[in-house]
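Comments concern the structure below.
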Amino acid sequence: PNNQVPAGTVHAVPMPAANAAKSFKTGDKVGMSLLARALHWCASAATFYQSSPTAPIDVIPERLQGPIPLPKDEIEAQNDPVWGERWKAAMRLDMQKKHENGAFEYINASEPISKGLRVHKGRWVFAINYNSDGSVKEFRARWVERGFTEVAGVDYDDTFIGGANSTTWRALCGLSASLHKPLFEADIRAAFTTANVTRDKYVECPKSFEVKGKVTKLLKGLEGGKDSGNLFFKKN
């Protein structure tokens, strides 16, 4: 946080990145140019502190995922005084996509117990997509399974998922350069929730979307599951 510094250091007053650049002493014009670029690059991800006009400058890194801090959980997201409504809308959109794909169904909490199966935990993960000019493109929220509690042979069978190796990427980039064509990436929303599961798997209800006395039974893969990538890979 901006008001805290590590123990053993002097509390300092925040200062703009532009003032910080002027305060650095150097006779090397090239070095000063590189420094200015570095300060411009990290201005949104760090705070510059100086205890006095003649004191050295401390750079205190903040969250590195962009100028808008990402919430740690759904409570912090929904209570954000500035971006709370945007995060709520992103959460509702993720739930809508999962319901459209038939990702899970609500069942009585006693069902997994009767089968001797674990009810796995889940959590909300938040992200912000930015345009090339730094403006906000989209707020993203995703309900994911905490798959580290899954057991092989009980909750999943295989985890393999194919991917392009470095040689393929180099060939693709070389072809793009030779043809003077740009490369683009695509993001398939809720992609893993399009592949059917092969074993009974239960996850707690999405937080903020709970149904009393219920848990969810997965019908499709869910982000965070150990076999979700493999199921999607086999389907496609």
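Following the order of the structure tokens, chains are lettered A, B, ..., residues in each are numbered from 1, and ligands are numbered from 1.
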Just list the residues in region 96-184 of chain A DSSP gives alpha helix (DSSP H) on the backbone, as a PyMOL selection string.
chain A and resi 96-100+110-114+166-179
Among region 100-210 of chain A, which ones does DSSP place in strand (DSSP E or B), written as a ChimeraX atom specification?
/A:104-108,119-120,122-130,136-145,152,156,196,202-203
Record the distance separating CA of Ser228 (chain A) and CA of Asn196 (chain A), expressed in Å with one decimal.
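Answer for the CA of Ser228 (chain A) to CA of Asn196 (chain A) separation: 9.2 Å.
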Using only C-alpha atoms, determine which residues lie at most 9 Å from region 72-75 of chain A, disregarding the query and same-chain residues fewer than 3 positions distant; provide the list as an MDAnalysis selection string.
chainID A and resid 78:80 87:88 91 123:126 207:208
Selection export as a short mmCIF file (atom, residue, chain, number, x, y, z; two decimals), in the first residue's frame, atoms kept: all heavy atoms:
data_model
loop_
_atom_site.label_atom_id
_atom_site.label_comp_id
_atom_site.auth_asym_id
_atom_site.auth_seq_id
_atom_site.Cartn_x
_atom_site.Cartn_y
_atom_site.Cartn_z
N GLN A 78 -16.87 -6.74 -5.12
CA GLN A 78 -18.21 -6.17 -5.09
C GLN A 78 -18.30 -4.92 -4.22
O GLN A 78 -19.18 -4.08 -4.43
CB GLN A 78 -19.20 -7.22 -4.59
CG GLN A 78 -19.34 -8.41 -5.54
CD GLN A 78 -20.24 -9.49 -5.01
OE1 GLN A 78 -21.42 -9.54 -5.31
NE2 GLN A 78 -19.68 -10.38 -4.21
N ASN A 79 -17.39 -4.78 -3.26
CA ASN A 79 -17.40 -3.61 -2.39
C ASN A 79 -16.49 -2.49 -2.88
O ASN A 79 -16.35 -1.48 -2.19
CB ASN A 79 -16.98 -4.01 -0.97
CG ASN A 79 -18.01 -4.91 -0.30
OD1 ASN A 79 -19.20 -4.86 -0.62
ND2 ASN A 79 -17.57 -5.74 0.63
N ASP A 80 -15.88 -2.68 -4.04
CA ASP A 80 -15.02 -1.63 -4.59
C ASP A 80 -15.88 -0.40 -4.87
O ASP A 80 -16.85 -0.48 -5.65
CB ASP A 80 -14.35 -2.12 -5.87
CG ASP A 80 -13.26 -1.19 -6.35
OD1 ASP A 80 -13.53 0.02 -6.50
OD2 ASP A 80 -12.13 -1.67 -6.59
N TRP A 87 -17.28 -5.15 -11.74
CA TRP A 87 -16.91 -6.51 -11.32
C TRP A 87 -18.16 -7.38 -11.16
O TRP A 87 -18.15 -8.55 -11.54
CB TRP A 87 -16.13 -6.47 -10.01
CG TRP A 87 -14.75 -5.91 -10.12
CD1 TRP A 87 -14.21 -4.87 -9.42
CD2 TRP A 87 -13.70 -6.36 -10.99
NE1 TRP A 87 -12.92 -4.64 -9.78
CE2 TRP A 87 -12.57 -5.55 -10.75
CE3 TRP A 87 -13.60 -7.37 -11.95
CZ2 TRP A 87 -11.37 -5.70 -11.44
CZ3 TRP A 87 -12.40 -7.54 -12.63
CH2 TRP A 87 -11.31 -6.72 -12.37
N LYS A 88 -19.23 -6.80 -10.61
CA LYS A 88 -20.47 -7.56 -10.47
C LYS A 88 -21.01 -7.99 -11.83
O LYS A 88 -21.45 -9.14 -12.00
CB LYS A 88 -21.52 -6.72 -9.74
CG LYS A 88 -21.23 -6.47 -8.28
CD LYS A 88 -22.30 -5.57 -7.66
CE LYS A 88 -21.98 -5.22 -6.22
NZ LYS A 88 -22.99 -4.29 -5.65
N MET A 91 -18.97 -10.90 -13.12
CA MET A 91 -19.32 -12.14 -12.44
C MET A 91 -20.63 -12.71 -12.99
O MET A 91 -20.74 -13.93 -13.23
CB MET A 91 -19.42 -11.90 -10.93
CG MET A 91 -18.09 -11.57 -10.27
SD MET A 91 -18.27 -10.94 -8.58
CE MET A 91 -18.91 -12.40 -7.74
N ARG A 123 -13.01 -20.58 -6.31
CA ARG A 123 -12.74 -19.18 -6.01
C ARG A 123 -12.96 -18.34 -7.27
O ARG A 123 -12.93 -18.86 -8.39
CB ARG A 123 -11.31 -18.98 -5.50
CG ARG A 123 -10.24 -19.25 -6.53
CD ARG A 123 -8.85 -19.13 -5.90
NE ARG A 123 -8.58 -17.77 -5.45
CZ ARG A 123 -7.82 -16.91 -6.11
NH1 ARG A 123 -7.26 -17.27 -7.26
NH2 ARG A 123 -7.60 -15.71 -5.65
N TRP A 124 -13.18 -17.06 -7.05
CA TRP A 124 -13.30 -16.12 -8.16
C TRP A 124 -11.92 -15.57 -8.50
O TRP A 124 -11.14 -15.22 -7.62
CB TRP A 124 -14.23 -14.97 -7.79
CG TRP A 124 -15.69 -15.31 -7.87
CD1 TRP A 124 -16.53 -15.62 -6.84
CD2 TRP A 124 -16.47 -15.40 -9.07
NE1 TRP A 124 -17.79 -15.90 -7.32
CE2 TRP A 124 -17.78 -15.76 -8.68
CE3 TRP A 124 -16.19 -15.20 -10.41
CZ2 TRP A 124 -18.81 -15.93 -9.60
CZ3 TRP A 124 -17.22 -15.36 -11.33
CH2 TRP A 124 -18.51 -15.73 -10.93
N VAL A 125 -11.64 -15.51 -9.79
CA VAL A 125 -10.40 -14.94 -10.28
C VAL A 125 -10.76 -13.75 -11.17
O VAL A 125 -11.66 -13.85 -12.02
CB VAL A 125 -9.58 -15.97 -11.08
CG1 VAL A 125 -8.33 -15.33 -11.66
CG2 VAL A 125 -9.21 -17.15 -10.19
N PHE A 126 -10.06 -12.64 -10.97
CA PHE A 126 -10.40 -11.41 -11.68
C PHE A 126 -9.24 -10.94 -12.55
O PHE A 126 -8.07 -11.14 -12.22
CB PHE A 126 -10.77 -10.31 -10.68
CG PHE A 126 -11.93 -10.68 -9.79
CD1 PHE A 126 -11.71 -11.25 -8.54
CD2 PHE A 126 -13.22 -10.46 -10.20
CE1 PHE A 126 -12.77 -11.61 -7.72
CE2 PHE A 126 -14.30 -10.82 -9.40
CZ PHE A 126 -14.07 -11.38 -8.15
N LYS A 207 -19.50 -18.55 -5.11
CA LYS A 207 -19.73 -17.56 -4.06
C LYS A 207 -20.45 -16.35 -4.63
O LYS A 207 -20.13 -15.87 -5.71
CB LYS A 207 -18.40 -17.17 -3.43
CG LYS A 207 -17.73 -18.34 -2.71
CD LYS A 207 -16.36 -18.01 -2.19
CE LYS A 207 -15.75 -19.23 -1.51
NZ LYS A 207 -14.36 -18.98 -1.05
N SER A 208 -21.45 -15.90 -3.88
CA SER A 208 -22.38 -14.84 -4.27
C SER A 208 -23.50 -15.38 -5.15
O SER A 208 -24.39 -14.63 -5.54
CB SER A 208 -21.68 -13.67 -4.97
OG SER A 208 -20.74 -13.07 -4.11
#
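Here CA of Ala103 (chain A) is placed at a distance of 29.4 Å from CA of Pro69 (chain A).
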